[in-house]
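Trainee: To be precise about what I am sending: the file is called protein.cif and holds mmCIF, C-alpha atoms and all ligand atoms.
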data_my_file
loop_
_atom_site.group_PDB
_atom_site.id
_atom_site.type_symbol
_atom_site.label_atom_id
_atom_site.label_comp_id
_atom_site.auth_asym_id
_atom_site.auth_seq_id
_atom_site.Cartn_x
_atom_site.Cartn_y
_atom_site.Cartn_z
ATOM 1 C CA MET A 1 -69.713 -105.468 23.465
ATOM 2 C CA PRO A 2 -71.715 -104.499 26.555
ATOM 3 C CA ARG A 3 -71.429 -106.860 29.487
ATOM 4 C CA ILE A 4 -74.707 -108.029 31.030
ATOM 5 C CA LEU A 5 -74.926 -109.604 34.486
ATOM 6 C CA VAL A 6 -77.947 -111.862 34.985
ATOM 7 C CA VAL A 7 -78.690 -112.190 38.718
ATOM 8 C CA GLU A 8 -81.205 -115.012 38.973
ATOM 9 C CA ASP A 9 -81.247 -118.140 41.118
ATOM 10 C CA GLU A 10 -83.546 -120.221 38.924
ATOM 11 C CA PRO A 11 -81.106 -121.937 36.537
ATOM 12 C CA ALA A 12 -83.653 -122.448 33.748
ATOM 13 C CA ILE A 13 -84.498 -118.740 33.638
ATOM 14 C CA ALA A 14 -80.894 -117.606 34.028
ATOM 15 C CA GLU A 15 -79.689 -119.897 31.264
ATOM 16 C CA SER A 16 -82.421 -119.014 28.780
ATOM 17 C CA LEU A 17 -81.727 -115.316 29.361
ATOM 18 C CA ALA A 18 -77.983 -115.784 29.045
ATOM 19 C CA TYR A 19 -78.478 -117.761 25.839
ATOM 20 C CA ALA A 20 -80.757 -115.132 24.273
ATOM 21 C CA LEU A 21 -78.458 -112.267 25.297
ATOM 22 C CA SER A 22 -75.259 -113.917 24.103
ATOM 23 C CA ARG A 23 -76.895 -114.891 20.797
ATOM 24 C CA ASP A 24 -77.596 -111.184 20.424
ATOM 25 C CA GLY A 25 -73.895 -110.421 20.832
ATOM 26 C CA PHE A 26 -73.753 -109.446 24.505
ATOM 27 C CA THR A 27 -71.128 -110.693 26.915
ATOM 28 C CA VAL A 28 -73.061 -112.405 29.709
ATOM 29 C CA ALA A 29 -72.264 -113.441 33.266
ATOM 30 C CA ILE A 30 -74.658 -115.265 35.594
ATOM 31 C CA ALA A 31 -74.865 -114.921 39.388
ATOM 32 C CA GLY A 32 -77.258 -117.025 41.456
ATOM 33 C CA THR A 33 -76.786 -115.131 44.718
ATOM 34 C CA LEU A 34 -76.253 -111.557 45.912
ATOM 35 C CA ALA A 35 -72.746 -112.502 47.007
ATOM 36 C CA ALA A 36 -71.847 -113.808 43.542
ATOM 37 C CA ALA A 37 -73.462 -110.738 41.957
ATOM 38 C CA ALA A 38 -71.320 -108.383 44.021
ATOM 39 C CA ARG A 39 -68.192 -110.220 42.809
ATOM 40 C CA GLU A 40 -69.307 -110.073 39.157
ATOM 41 C CA LEU A 41 -70.411 -106.430 39.232
ATOM 42 C CA PRO A 42 -67.189 -104.623 38.222
ATOM 43 C CA GLY A 43 -67.176 -103.908 34.492
ATOM 44 C CA THR A 44 -70.882 -104.637 34.109
ATOM 45 C CA ASP A 45 -72.937 -102.333 31.866
ATOM 46 C CA LEU A 46 -76.369 -103.653 32.751
ATOM 47 C CA VAL A 47 -77.760 -105.900 35.494
ATOM 48 C CA VAL A 48 -80.869 -108.034 35.001
ATOM 49 C CA LEU A 49 -81.869 -108.435 38.627
ATOM 50 C CA ASP A 50 -84.258 -110.950 40.170
ATOM 51 C CA LEU A 51 -85.740 -109.667 43.435
ATOM 52 C CA MET A 52 -86.015 -112.970 45.352
ATOM 53 C CA LEU A 53 -82.582 -114.478 45.870
ATOM 54 C CA PRO A 54 -81.384 -117.169 48.292
ATOM 55 C CA ASP A 55 -79.221 -114.777 50.326
ATOM 56 C CA GLY A 56 -81.476 -111.745 50.303
ATOM 57 C CA SER A 57 -83.455 -109.285 48.222
ATOM 58 C CA GLY A 58 -82.403 -107.852 44.880
ATOM 59 C CA PHE A 59 -83.353 -104.479 46.370
ATOM 60 C CA ASP A 60 -80.247 -104.698 48.568
ATOM 61 C CA LEU A 61 -78.001 -104.946 45.535
ATOM 62 C CA LEU A 62 -79.911 -102.226 43.667
ATOM 63 C CA GLY A 63 -79.608 -99.852 46.626
ATOM 64 C CA ARG A 64 -75.925 -100.629 47.018
ATOM 65 C CA ILE A 65 -75.303 -100.010 43.300
ATOM 66 C CA ARG A 66 -77.044 -96.634 43.348
ATOM 67 C CA ARG A 67 -75.645 -95.461 46.707
ATOM 68 C CA GLY A 68 -72.167 -96.358 45.506
ATOM 69 C CA GLY A 69 -72.649 -94.145 42.480
ATOM 70 C CA ALA A 70 -72.021 -97.110 40.205
ATOM 71 C CA THR A 71 -73.240 -96.728 36.672
ATOM 72 C CA PRO A 72 -74.702 -100.027 35.471
ATOM 73 C CA ALA A 73 -78.276 -99.843 34.266
ATOM 74 C CA VAL A 74 -80.633 -102.198 36.107
ATOM 75 C CA ILE A 75 -83.691 -104.087 34.879
ATOM 76 C CA VAL A 76 -85.606 -105.652 37.763
ATOM 77 C CA LEU A 77 -87.357 -109.011 37.352
ATOM 78 C CA SER A 78 -90.180 -109.820 39.691
ATOM 79 C CA SER A 79 -92.553 -112.726 40.033
ATOM 80 C CA ARG A 80 -95.153 -110.413 41.504
ATOM 81 C CA ASP A 81 -96.915 -107.722 39.543
ATOM 82 C CA ALA A 82 -97.347 -105.708 42.692
ATOM 83 C CA GLU A 83 -97.620 -101.958 42.389
ATOM 84 C CA ALA A 84 -95.578 -101.582 45.583
ATOM 85 C CA ASP A 85 -92.694 -103.607 44.149
ATOM 86 C CA ARG A 86 -92.715 -101.667 40.915
ATOM 87 C CA VAL A 87 -92.739 -98.313 42.679
ATOM 88 C CA ALA A 88 -89.981 -99.417 45.067
ATOM 89 C CA ALA A 89 -87.837 -100.722 42.211
ATOM 90 C CA LEU A 90 -88.167 -97.575 40.133
ATOM 91 C CA GLU A 91 -87.642 -95.312 43.127
ATOM 92 C CA THR A 92 -84.552 -97.244 44.184
ATOM 93 C CA GLY A 93 -83.133 -96.479 40.768
ATOM 94 C CA ALA A 94 -84.101 -99.346 38.464
ATOM 95 C CA ASP A 95 -84.262 -98.363 34.813
ATOM 96 C CA ASP A 96 -87.003 -100.822 33.969
ATOM 97 C CA TYR A 97 -89.206 -103.428 35.630
ATOM 98 C CA VAL A 98 -90.423 -106.692 34.120
ATOM 99 C CA THR A 99 -92.932 -109.122 35.605
ATOM 100 C CA LYS A 100 -92.498 -112.888 35.290
ATOM 101 C CA PRO A 101 -93.315 -114.781 33.172
ATOM 102 C CA PHE A 102 -91.545 -113.006 30.317
ATOM 103 C CA SER A 103 -89.971 -114.137 27.085
ATOM 104 C CA PRO A 104 -86.177 -113.927 26.757
ATOM 105 C CA ARG A 105 -86.745 -111.943 23.559
ATOM 106 C CA GLU A 106 -88.663 -109.316 25.512
ATOM 107 C CA ILE A 107 -85.763 -108.968 27.942
ATOM 108 C CA VAL A 108 -83.255 -108.680 25.086
ATOM 109 C CA ALA A 109 -85.352 -105.889 23.553
ATOM 110 C CA ARG A 110 -85.528 -104.067 26.869
ATOM 111 C CA VAL A 111 -81.803 -104.499 27.501
ATOM 112 C CA ARG A 112 -81.092 -102.951 24.103
ATOM 113 C CA ALA A 113 -83.487 -100.058 24.744
ATOM 114 C CA VAL A 114 -82.088 -99.285 28.199
ATOM 115 C CA LEU A 115 -78.495 -99.374 26.920
ATOM 116 C CA ARG A 116 -79.417 -97.193 23.945
ATOM 117 C CA ARG A 117 -80.963 -94.686 26.310
ATOM 118 C CA ALA A 118 -77.902 -94.691 28.574
ATOM 119 C CA ALA A 119 -75.613 -94.136 25.546
ATOM 120 C CA THR A 120 -77.728 -91.249 24.259
ATOM 121 C CA GLN A 121 -77.503 -89.576 27.628
ATOM 122 C CA VAL A 122 -73.719 -89.681 27.679
ATOM 123 C CA ALA A 123 -73.637 -88.119 24.218
ATOM 124 C CA ALA A 124 -76.311 -85.508 24.948
ATOM 125 C CA PRO A 125 -75.142 -81.940 24.392
ATOM 126 C CA ALA A 126 -74.839 -79.735 27.429
ATOM 127 C CA ALA A 127 -77.683 -77.330 28.055
ATOM 128 C CA ALA A 128 -77.582 -74.471 30.511
ATOM 129 C CA ALA A 129 -79.916 -74.675 33.475
ATOM 130 C CA PRO A 130 -82.729 -72.167 33.028
ATOM 131 C CA VAL A 131 -82.298 -70.029 36.112
ATOM 132 C CA SER A 132 -85.672 -68.341 35.943
ATOM 133 C CA LEU A 133 -87.701 -71.471 36.611
ATOM 134 C CA ALA A 134 -88.469 -72.846 40.046
ATOM 135 C CA LEU A 135 -87.671 -76.240 38.535
ATOM 136 C CA ALA A 136 -84.569 -76.666 36.412
ATOM 137 C CA VAL A 137 -82.149 -79.259 35.119
ATOM 138 C CA ASP A 138 -78.550 -79.134 34.020
ATOM 139 C CA ALA A 139 -78.073 -81.737 31.295
ATOM 140 C CA ALA A 140 -74.275 -81.659 31.502
ATOM 141 C CA SER A 141 -74.085 -82.626 35.166
ATOM 142 C CA ARG A 142 -77.484 -84.399 35.094
ATOM 143 C CA ARG A 143 -78.557 -82.472 38.167
ATOM 144 C CA ALA A 144 -82.044 -81.248 38.912
ATOM 145 C CA PHE A 145 -82.857 -78.150 40.959
ATOM 146 C CA VAL A 146 -85.813 -76.855 42.933
ATOM 147 C CA HIS A 147 -85.501 -73.132 43.591
ATOM 148 C CA GLY A 148 -81.832 -73.441 42.717
ATOM 149 C CA ARG A 149 -81.145 -76.268 45.179
ATOM 150 C CA PRO A 150 -80.040 -79.606 43.727
ATOM 151 C CA PHE A 151 -82.033 -82.743 44.535
ATOM 152 C CA GLU A 152 -81.692 -86.429 43.715
ATOM 153 C CA LEU A 153 -83.584 -88.159 40.926
ATOM 154 C CA THR A 154 -83.296 -91.545 39.293
ATOM 155 C CA ARG A 155 -82.162 -91.624 35.690
ATOM 156 C CA VAL A 156 -85.677 -92.051 34.333
ATOM 157 C CA GLU A 157 -87.123 -89.315 36.559
ATOM 158 C CA PHE A 158 -84.395 -86.944 35.430
ATOM 159 C CA ASP A 159 -85.085 -87.707 31.770
ATOM 160 C CA LEU A 160 -88.818 -87.178 32.237
ATOM 161 C CA LEU A 161 -88.286 -83.841 33.968
ATOM 162 C CA ALA A 162 -85.690 -82.700 31.423
ATOM 163 C CA THR A 163 -88.039 -83.657 28.584
ATOM 164 C CA MET A 164 -90.937 -81.707 30.093
ATOM 165 C CA LEU A 165 -88.747 -78.706 30.893
ATOM 166 C CA GLY A 166 -87.508 -78.775 27.297
ATOM 167 C CA VAL A 167 -90.953 -77.621 26.161
ATOM 168 C CA PRO A 168 -92.112 -75.442 29.054
ATOM 169 C CA GLY A 169 -95.843 -74.907 29.186
ATOM 170 C CA ARG A 170 -96.566 -77.549 26.569
ATOM 171 C CA VAL A 171 -98.576 -80.645 27.408
ATOM 172 C CA LEU A 172 -96.730 -83.851 26.608
ATOM 173 C CA THR A 173 -98.827 -86.973 26.119
ATOM 174 C CA ARG A 174 -97.726 -90.232 27.708
ATOM 175 C CA ALA A 175 -96.930 -91.551 24.220
ATOM 176 C CA GLU A 176 -94.677 -88.529 23.546
ATOM 177 C CA LEU A 177 -92.895 -89.012 26.856
ATOM 178 C CA ILE A 178 -92.347 -92.703 26.120
ATOM 179 C CA GLU A 179 -90.963 -91.897 22.676
ATOM 180 C CA ARG A 180 -88.637 -89.168 23.927
ATOM 181 C CA VAL A 181 -87.441 -90.845 27.119
ATOM 182 C CA TRP A 182 -87.355 -94.531 26.149
ATOM 183 C CA GLY A 183 -87.389 -94.389 22.372
ATOM 184 C CA GLU A 184 -89.863 -95.478 19.776
ATOM 185 C CA GLY A 185 -91.243 -98.994 19.928
ATOM 186 C CA PHE A 186 -90.413 -99.503 23.573
ATOM 187 C CA ALA A 187 -93.291 -101.192 25.367
ATOM 188 C CA ILE A 188 -93.791 -98.928 28.366
ATOM 189 C CA THR A 189 -97.274 -98.851 29.813
ATOM 190 C CA ASP A 190 -99.119 -95.688 30.810
ATOM 191 C CA ARG A 191 -99.131 -97.051 34.339
ATOM 192 C CA THR A 192 -95.324 -97.149 34.363
ATOM 193 C CA ILE A 193 -95.177 -93.524 33.218
ATOM 194 C CA ASP A 194 -97.657 -92.568 35.931
ATOM 195 C CA THR A 195 -95.553 -94.382 38.536
ATOM 196 C CA HIS A 196 -92.434 -92.451 37.499
ATOM 197 C CA VAL A 197 -94.284 -89.130 37.454
ATOM 198 C CA LYS A 198 -95.743 -89.846 40.881
ATOM 199 C CA ALA A 199 -92.254 -90.508 42.269
ATOM 200 C CA LEU A 200 -90.881 -87.412 40.528
ATOM 201 C CA ARG A 201 -93.649 -85.283 42.020
ATOM 202 C CA ARG A 202 -93.015 -86.609 45.492
ATOM 203 C CA LYS A 203 -89.293 -85.835 45.221
ATOM 204 C CA VAL A 204 -89.982 -82.321 43.923
ATOM 205 C CA GLY A 205 -92.281 -81.816 46.925
ATOM 206 C CA ASP A 206 -89.754 -83.281 49.368
ATOM 207 C CA ALA A 207 -87.048 -81.009 47.948
ATOM 208 C CA GLY A 208 -89.014 -77.898 48.839
ATOM 209 C CA GLY A 209 -90.969 -77.458 45.638
ATOM 210 C CA SER A 210 -94.604 -78.148 45.060
ATOM 211 C CA ALA A 211 -95.981 -81.374 43.583
ATOM 212 C CA ALA A 212 -98.245 -79.146 41.475
ATOM 213 C CA MET A 213 -95.192 -77.998 39.517
ATOM 214 C CA ILE A 214 -95.743 -81.140 37.469
ATOM 215 C CA GLU A 215 -99.254 -80.683 36.301
ATOM 216 C CA THR A 216 -101.523 -83.505 35.145
ATOM 217 C CA VAL A 217 -103.721 -82.428 32.270
ATOM 218 C CA ARG A 218 -106.575 -84.854 32.598
ATOM 219 C CA GLY A 219 -107.021 -87.151 29.640
ATOM 220 C CA VAL A 220 -104.001 -85.689 27.842
ATOM 221 C CA GLY A 221 -100.720 -85.879 29.723
ATOM 222 C CA PHE A 222 -98.344 -83.762 31.758
ATOM 223 C CA ARG A 223 -97.042 -80.210 31.700
ATOM 224 C CA VAL A 224 -94.267 -78.384 33.486
ATOM 225 C CA GLY A 225 -93.587 -74.683 33.559
ATOM 226 C CA GLY A 226 -96.912 -73.512 32.193
ATOM 227 C CA ASP A 227 -97.632 -70.906 34.805
ATOM 228 C CA LEU A 228 -95.096 -71.435 37.545
ATOM 229 C CA PRO A 229 -95.213 -68.954 40.377
ATOM 230 C CA PRO A 230 -92.422 -66.362 40.191
ATOM 231 C CA GLU A 231 -89.218 -67.182 42.046
ATOM 232 C CA PRO A 232 -89.227 -65.754 45.547
ATOM 233 C CA ARG A 233 -86.466 -63.202 45.976
HETATM 234 CA CA CA B 1 -85.658 -115.975 42.525
#
Output the file's structure as structure tokens, nothing else.
Ligand code: CA
Mentor:
Amino acid sequence: MPRILVVEDEPAIAESLAYALSRDGFTVAIAGTLAAAARELPGTDLVVLDLMLPDGSGFDLLGRIRRGGATPAVIVLSSRDAEADRVAALETGADDYVTKPFSPREIVARVRAVLRRAATQVAAPAAAAPVSLALAVDAASRRAFVHGRPFELTRVEFDLLATMLGVPGRVLTRAELIERVWGEGFAITDRTIDTHVKALRRKVGDAGGSAAMIETVRGVGFRVGGDLPPEPR
């Protein structure tokens, strides 16, 4: 059974989450501080991470997890529904973001969805990187390329880009992206999609591409590879 680490310093919240998760069959550990979380991390499949902890910010742990190349999925809990926090969490590599107050059942559903998504990715068949496009992905190594040069993306950003590149030139609605990237019935808001796409665009731009490579089709959705400029040679 997957092991879930709940990093939360408010005992009532931590315990209700742990109860709901273990009733659902998960193995659960609780850490009330960053220090305890670091000790509990090995062998963890998913971290439910509060941002405000007595010995620092959950962002520190999230950054350390991602820089270290560790694999656990991360769902960030925040008491503030601040756009800046959400963007920072997703850009630092969180797989999902939930604002307090939430119901334990909602968290259990999100934990299941994030783990399902992670499992699907491992099992995904390898696809060759299309070399003709200015933007490309290699599903086997989960690397993304701008003009043939690899660049870093979070898991969600990679999945969004891979999904759009899978149907080059076609407009994907936000609902289609949610269904393909997160799975049906997963409560992702349009604003969350837009936040991920914004981050993806910025990274494509920073990597030497153009933000316009990911086109917004107003009132419909997003498109990649419709009329990309030819590769410079
Ligand atoms: Ca807290």
Trainee: Of the candidates A:Ile75, A:Thr27, A:Lys100, A:Ile4, which one gets nearest to ligand CA 1 (chain B) if we count all atoms listed in the file?
Mentor: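 Result for the nearest residue to ligand CA 1 (chain B): A:Lys100.
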Trainee: Using all atoms listed in the file, what are the residues with an atom within 12 Å of ligand CA 1 (chain B), set out as a PDB file with C-alpha atoms, in the coordinates of the input?
Mentor:
ATOM      1  CA  VAL A   6     -77.947-111.862  34.985  1.00  0.00           C
ATOM      2  CA  VAL A   7     -78.690-112.190  38.718  1.00  0.00           C
ATOM      3  CA  GLU A   8     -81.205-115.012  38.973  1.00  0.00           C
ATOM      4  CA  ASP A   9     -81.247-118.140  41.118  1.00  0.00           C
ATOM      5  CA  GLU A  10     -83.546-120.221  38.924  1.00  0.00           C
ATOM      6  CA  PRO A  11     -81.106-121.937  36.537  1.00  0.00           C
ATOM      7  CA  ALA A  12     -83.653-122.448  33.748  1.00  0.00           C
ATOM      8  CA  ILE A  13     -84.498-118.740  33.638  1.00  0.00           C
ATOM      9  CA  ALA A  14     -80.894-117.606  34.028  1.00  0.00           C
ATOM     10  CA  ALA A  31     -74.865-114.921  39.388  1.00  0.00           C
ATOM     11  CA  GLY A  32     -77.258-117.025  41.456  1.00  0.00           C
ATOM     12  CA  THR A  33     -76.786-115.131  44.718  1.00  0.00           C
ATOM     13  CA  LEU A  34     -76.253-111.557  45.912  1.00  0.00           C
ATOM     14  CA  VAL A  48     -80.869-108.034  35.001  1.00  0.00           C
ATOM     15  CA  LEU A  49     -81.869-108.435  38.627  1.00  0.00           C
ATOM     16  CA  ASP A  50     -84.258-110.950  40.170  1.00  0.00           C
ATOM     17  CA  LEU A  51     -85.740-109.667  43.435  1.00  0.00           C
ATOM     18  CA  MET A  52     -86.015-112.970  45.352  1.00  0.00           C
ATOM     19  CA  LEU A  53     -82.582-114.478  45.870  1.00  0.00           C
ATOM     20  CA  PRO A  54     -81.384-117.169  48.292  1.00  0.00           C
ATOM     21  CA  ASP A  55     -79.221-114.777  50.326  1.00  0.00           C
ATOM     22  CA  GLY A  56     -81.476-111.745  50.303  1.00  0.00           C
ATOM     23  CA  SER A  57     -83.455-109.285  48.222  1.00  0.00           C
ATOM     24  CA  GLY A  58     -82.403-107.852  44.880  1.00  0.00           C
ATOM     25  CA  VAL A  76     -85.606-105.652  37.763  1.00  0.00           C
ATOM     26  CA  LEU A  77     -87.357-109.011  37.352  1.00  0.00           C
ATOM     27  CA  SER A  78     -90.180-109.820  39.691  1.00  0.00           C
ATOM     28  CA  SER A  79     -92.553-112.726  40.033  1.00  0.00           C
ATOM     29  CA  ARG A  80     -95.153-110.413  41.504  1.00  0.00           C
ATOM     30  CA  LYS A 100     -92.498-112.888  35.290  1.00  0.00           C
TER      31      LYS A 100
END
Trainee: Starting from the shown file, work through the PyMOL selection byres (((chain A and resi 107) around 9) and not hetatm) and note down what comes out as JSON, numbers by chain.
Mentor: {"A": [17, 20, 21, 48, 75, 98, 102, 103, 104, 105, 106, 108, 109, 110, 111, 112]}
Trainee: Please, what distance in Å, to one decimal, runs between CA of His196 in chain A and CA of Leu160 in chain A?
Mentor: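 For CA of His196 in chain A relative to CA of Leu160 in chain A, the distance reads 8.3 Å.
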Trainee: Residues picked by the PyMOL selection byres (((chain A and resi 180) around 10) and not hetatm) here, as JSON, numbers by chain?
Mentor: {"A": [117, 159, 160, 163, 164, 174, 175, 176, 177, 178, 179, 181, 182, 183, 184]}
Trainee: Identify, on the basis of all atoms listed in the file, every residue whose closest approach to Glu91 in chain A does not exceed 10 Å; exclude the query and any residue fewer than 3 positions from it along the same chain; express the result as a list of chain:residue names.
Mentor: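 Surrounding residues, per the criterion: A:Gly63, A:Asp85, A:Arg86, A:Val87, A:Ala88, A:Ala94, A:Asp95, A:Leu153, A:Thr154, A:Arg155, A:Val156, A:Glu157, A:Thr195, A:His196, A:Ala199, A:Leu200, A:Lys203.
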Trainee: Apply the PyMOL selection byres (((chain A and resi 62) around 8) and not hetatm) to the displayed file and report the matching residues as a PyMOL selection string.
Mentor: chain A and resi 58-61+63-66+74+92-94
Trainee: In Å, rounded to a single decimal, give me how far CA of Leu172 in chain A is from CA of Met213 in chain A.
Mentor: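 Straight-line distance from CA of Met213 in chain A to CA of Leu172 in chain A works out to 14.3 Å.
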Trainee: Quick check, in Å to one decimal: how far apart do CA of Ile30 in chain A and CA of Arg116 in chain A lie?
Mentor: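 Distance reported for this atom pair: 22.0 Å.
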